[in-house]
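One structure is given here, and the rest of the page talks about it.
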Amino acid sequence: MAPAPVAVPVAPAPPDPAVVAAREKMEAARATLDALDAALALEGLRPNDLDDLRQRLDPARRDLVGVSDQISPRVSDAETRLNALGKPTEGVAEDPAVVADRERLQKVNAELGAVLKQSRALLLRADQVSDRISTRRRALFTSQLFERSDSILDPDLWTNAVSSVTSEARAIRFFANDWTAFALRRQGPLALMGILLGATAIVVAVVAGGRLLRRRLRTRPPEPGVSLTRLRAAREALKVVMLNATVAPLATIAALAFIGGFEVVPPRAVDLLHGLTVAVFIKAIGNAVGRALLAPDEPWRRLPPLSDAAASLAFRYFSFAVWTLAIAAFLNALHRVLFAPVGLTVVTSALMALLIAGFIARFLVGMVRSDEGTGEAAEGAAPTQELVAPAEGRQWLRLVVWIAVVMLIGALVAGYVSFAAFVAARMVVAAAVLGCLYILYALIDSFFGEGLGAETHRAQRISKALGLKAARLELIGVLLSGLLKVLLFVVAAFLIVGSWGTSTADVMDTVERVSFGVRIGSATITLWSVLYAVLLLLVSLVLARAFQRWVSTALLPRSGLEPSLQSSISTIVGYAGTIIAIMIAMSEIGLNLENVALVAGALSVGIGLGLQGIVSNFVSGLILLAERPVRVGDTINVKGEEGYVRRISVRSTEIETFERATVIVPNSDLITGMVKNWTHSNTTGRIIVQVSVSYDCDPEEVRDLLVSCACDHPQVLQTPPPRVFLTKFADAGMAFELRCVVANVDYALTVKSDLHFQVLARFRKAGIGMAIQPWASLSRAPTDMVPPPPTPPDPLQ
């Protein structure tokens with residue numbers, strides 16, 4: 001009797017360093033979340049306080065995501081190893097090492113699973129805290145936006161503002177003195193003067209360099225009567241935007257960085273310099289976009305179809321609006337630094353909104369006058385590019401802008417100054433962003449349309465370099481242009497909407513949450529995994545197609561297999577490669593076949609009947625490729641259609657008839673229906689030649705002549721030999737049939753015609769007369785022949 005197995009004592013495993021580090025991070029994240037919950041319970045939080053809470057939350061969320069990403073693969077590995085060991089069988093003794101290994105893996109799996117569950121629970125709590133911060137920010141923004149103040153028609157608003165100007169002027173003087181004293185304590189008078197001169201020299205150098213660069217890169221106007229292509233005009237507009245929008249901001253940033261290096265700027269003045277930088281950016285970018293798009297001084301490169309008067313008018317009032325917004329941004333920063341009264345800040349915002357509304361209204365009125373003038377100038381003259389009447393499609397846009405102007409003035413009168421200022425600023429920003437978007441769209445359309453068109457020399461040269469067809473390169477260009485347009489539209493939408501109660505941190509948090517993943521069941525789908533899976537799918541499909549092409553063009557032609565079998569193998573290889581590519585992409589996302597089976601089972605309830613025919617044809621196509629009852633090149637007859645099989649796909653089969661028409665037959669008809677295949681096992685086929693001779697002829701001689709005609713033809717097989725049958729004794733003569741087998745059924749009609757010619761020639765030479773059978777002329781009577789009406793009986797009989 002064998003001794004019972006002795007259990008091997010398991011030594012206590014040392015603590016896992018990864019688990020210990022994960023628990024420490026989770027405890028720190030839990031403490032941070034507790035503190036954030038307590039902070040969010042307080043009232044009176046400002047936007048800066050919410051930004052601080054967001055900055056404290058983001059590191060904790062990243063730590064939790066790192067813990068989840070680190071522990072999740074280890075849990076999957078432990079479960080895989082446990083499944084490999086299997087479950088213990090009752091009544092069967094196991095190896096003690098297997099038992100010990102299973103217990104150790106179960107303990108590790110339980111410990112790691114507990115850590116993973118805790119990290120996911122804390123991550124869910126962090127998402128909830130993030131949502132609470134975003135909700136508080138939107139609520140705070142809404143309350144500030146729709147906070148009601150004095151109406152612009154209220155005299156108290158203006159009197160209080162005028163009285164506050166004196167106090168702010170005094171505050172400006174005190175602020176300048178404090179700044180000067182602070183700078184003198186850090187640097188001497190001469191050093192301070194040198195710093196100011198250095199900053200001024202930097203500004204002058206950058207501005208002069210920008211002007212010199214613009215002069216060097218300036219494009220000369222074309223000759224009169226010669227217009228630029230849209231691609232070149234879009235490039236010129238983009239160049240104007242880049243050169244004009246970067247010089248002033250770069251000079252400002254460089255000068256402020258130079259001054260800040262000497263520590264002569266007090267902390268209180270940092271916000272003021274930040275407001276100055278924002279104002280410079282607004283002015284530079286706004287004027288650059290307007291000058292690039294409208295081109296008031298250079299009509300030869302103008303992109304939109306506007307007259308010179310309309311372009312100059314639009315640029316003038318858009319520049320006024322941009323200047324107003326830039327000055328208001330600087331003044332608001334100054335009010336915040338000087339702790340100005342609220343009434344003065346309200347008046348600044350009200351004046352900004354009122355001026356912008358006035359500029360927009362004046363522009364719309366001026367455009368009407370410009371259109372009328374253009375129409376009068378165009379009467380009796382040939383239309384030119386400079387005289388473009390407004391499109392009727394723009395009338396609705398003017399109506400929308402007028403409604404916005406009326407809404408601005410109504411909000412100012414009602415006392416909603418913050419709302420009016422916000423809408424006015426967003427209208428100016430929207431005009432600048434849409435103008436830049438128009439330039440980029442024109443550049444994309446012209447580049448991919450004119451530059452990469454299938455007929456252009458550039459496209460042909462690039463297609464040769466890449467090994468692509470010109471039409472395929474044009475298709476890629478269309479797809480890329482569409483993708484770029486969508487991305488630019490999304491960016492423009494974010495820039496136009498701006499801070500609708502959502503900070504940049506909130507937007508980035510949303511992107512990160514999408515990037516971290518959305519958990520569906522047991523699978524976690526992340527943005528990056530989806531993008532990587534799509535890229536992997538495309539690469540796998542390209543490799544599968546390349547392998548299929550190599551098999552069909554290089555391998556199979558040298559294998560000695562028949563062409564139809566080569567086509568079937570190539571098609572099966574293509575399907576297998578596509579399925580493998582899809583499976584690889586699905587595994588990268590995290591979907592397994594069980595999830596796909598569950599989803600397919602759920603969908604089959606609703607769409608099973610609709611997919612029944614498609615699935616039937618798909619399965620029938622696989623059967624055709626595997627069993628090969630019908631092959632490519634066969635001559636078949638199915639449902640009255642006869643022709644050659646040209647292609648067998650996964651859903652249908654293409655048949656080319658003898659009239660050179662293509663018939664698409666579902667694969668299920670070829671499997672479940674009756675199909676006549678003339679060339680399934682071989683290409684031979686039987687033909688029958690019928691002749692009728694008179695009773696005066698010798699039947700033996702007729703038989704010998706018919707056999708000799710068949711034996712002399714090269715397409716008629718001698719095995720089995722041709723045979724002649726006397727089939728009928730008719731009234732007019734004897735009926736004979738010549739039956740023989742041809743080597744290729746495709747030439748059956750040709751062989752039969754040749755035999756007819758030979759029989760007729762030899763019968764005439766031998767003096768054998770052909771008989772005309774009455775039944776022969778009636779055997780192929782039209783099916784639509786109507787029998788004559790019956791003859792009425794004769795009453796005399």
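Residue numbers start at 1 in each chain; chains themselves are named A, B, ... in the order of the structure tokens; ligands are numbered from 1 in the order shown.
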
*Distance query segment 197-209 of chain A at most 10 Å, only C-alpha atoms, self and fewer than 6 positions along chain excluded, as a list of chain:residue names*: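 Returned residues: A:Ala191, A:Arg215, A:Thr246, A:Val247, A:Ala248, A:Pro249, A:Leu250, A:Ala251, A:Thr252, A:Ile253, A:Ala254, A:Ala255, A:Leu256, A:Ala257, A:Phe258, A:Ile259.
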
Just C-alpha atoms for this one: save the residues we selected as a compact mmCIF listing (two decimals), in the first residue's frame.
# COMPACT_ATOMS: atom_id res chain seq x y z
CA ALA A 191 20.82 99.82 -13.31
CA ARG A 215 9.62 92.93 -46.31
CA THR A 246 3.87 86.77 -33.71
CA VAL A 247 5.95 89.93 -33.78
CA ALA A 248 4.22 92.02 -31.08
CA PRO A 249 3.58 89.11 -28.67
CA LEU A 250 7.14 87.89 -29.09
CA ALA A 251 8.51 91.36 -28.39
CA THR A 252 6.30 91.72 -25.30
CA ILE A 253 7.22 88.31 -23.90
CA ALA A 254 10.93 88.86 -24.53
CA ALA A 255 10.92 92.30 -22.87
CA LEU A 256 8.95 91.12 -19.84
CA ALA A 257 11.20 88.05 -19.49
CA PHE A 258 14.24 90.36 -19.58
CA ILE A 259 12.77 92.64 -16.91

query: So which residues of segment 571-728 of chain A fall under helix (DSSP H, G or I) by DSSP, listed as a PyMOL selection string?
result: chain A and resi 571-589+593-627+667-672+699-712

- Using only C-alpha atoms, which of A:Ser143, A:Ala710, A:Asn667, A:Leu82 sits nearest Arg104 of chain A?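 For Arg104 of chain A, the nearest of the candidates is A:Leu82.
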
Atom CA of Gly685 of chain A sits from atom CA of Val742 of chain A at a separation of 5.5 Å

Within 10 Å of Arg170 of chain A, counting only C-alpha atoms, which residues show up once you throw out same-chain ones fewer than 6 positions away? Write them as a list in words, please.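 Non-adjacent residues within range: Ser164, Ala176 and Leu338 of chain A.
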
Create the file for the chosen residues now, containing N, CA, C and O atoms and written as a PDB file, in the first residue's frame.
ATOM      1  N   SER A 164     -15.371 107.285  -9.131  1.00  0.00           N
ATOM      2  CA  SER A 164     -14.354 106.265  -8.860  1.00  0.00           C
ATOM      3  C   SER A 164     -13.098 106.472  -9.686  1.00  0.00           C
ATOM      4  O   SER A 164     -12.040 105.931  -9.340  1.00  0.00           O
ATOM      5  N   ALA A 176       2.370 103.048  -8.810  1.00  0.00           N
ATOM      6  CA  ALA A 176       3.607 103.360  -9.541  1.00  0.00           C
ATOM      7  C   ALA A 176       4.729 103.696  -8.579  1.00  0.00           C
ATOM      8  O   ALA A 176       5.889 103.280  -8.771  1.00  0.00           O
ATOM      9  N   LEU A 338      -5.625  97.071  -8.704  1.00  0.00           N
ATOM     10  CA  LEU A 338      -5.832  98.247  -7.854  1.00  0.00           C
ATOM     11  C   LEU A 338      -7.033  98.108  -6.930  1.00  0.00           C
ATOM     12  O   LEU A 338      -7.331  99.057  -6.189  1.00  0.00           O
TER      13      LEU A 338
END

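Across the structure, atom CA of Pro722 of chain A and atom CA of Ala735 of chain A are spaced 16.9 Å apart.
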
Report as an MDAnalysis selection string all protein, DNA and RNA residues lying within 12 Å of Val486 of chain A, evaluated on only C-alpha atoms, omitting residues in the same chain fewer than 4 positions from it.
chainID A and resid 437 440:441 444 479:482 490:493

> Which polymer residues have any atom within 12 Å of an atom of Arg660 of chain A, counting only C-alpha atoms, with same-chain residues fewer than 2 positions away left out, as a PyMOL selection string?
Replying inline: chain A and resi 641-646+654-658+662-663

Keeping C-alpha atoms, export the residues of the selection given above as a short mmCIF file (atom, residue, chain, number, x, y, z; two decimals), in the first residue's frame.
data_model
loop_
_atom_site.label_atom_id
_atom_site.label_comp_id
_atom_site.auth_asym_id
_atom_site.auth_seq_id
_atom_site.Cartn_x
_atom_site.Cartn_y
_atom_site.Cartn_z
CA GLU A 641 -29.00 32.02 -67.13
CA GLU A 642 -26.06 30.34 -68.85
CA GLY A 643 -22.50 31.56 -68.98
CA TYR A 644 -19.01 31.47 -67.50
CA VAL A 645 -18.25 31.77 -63.77
CA ARG A 646 -15.97 34.76 -63.43
CA GLU A 654 -20.63 36.62 -60.92
CA ILE A 655 -21.60 34.89 -64.17
CA GLU A 656 -20.72 36.32 -67.57
CA THR A 657 -23.30 35.25 -70.12
CA PHE A 658 -22.58 34.57 -73.77
CA THR A 662 -22.87 40.02 -65.94
CA VAL A 663 -25.40 38.16 -63.79
#

Counting only C-alpha atoms, the residue among A:Arg336, A:Arg426, A:Arg23, A:Arg291 that lies closest to Lys117 of chain A is A:Arg23

From the options A:Thr348, A:Ser446, A:Asn677, A:Asn48, which residue's atoms come nearest to Arg137 of chain A, counting only C-alpha atoms?
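Looking only at the distances to Arg137 of chain A, the closest residue turns out to be A:Asn48.
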
query = Given the choices A:Asp669, A:Glu700, A:Asp150, A:Asp16, which gets closest to Ala411 of chain A if the distance is worked out from only C-alpha atoms?
reply =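 Smallest separation from Ala411 of chain A among the options: A:Asp150.
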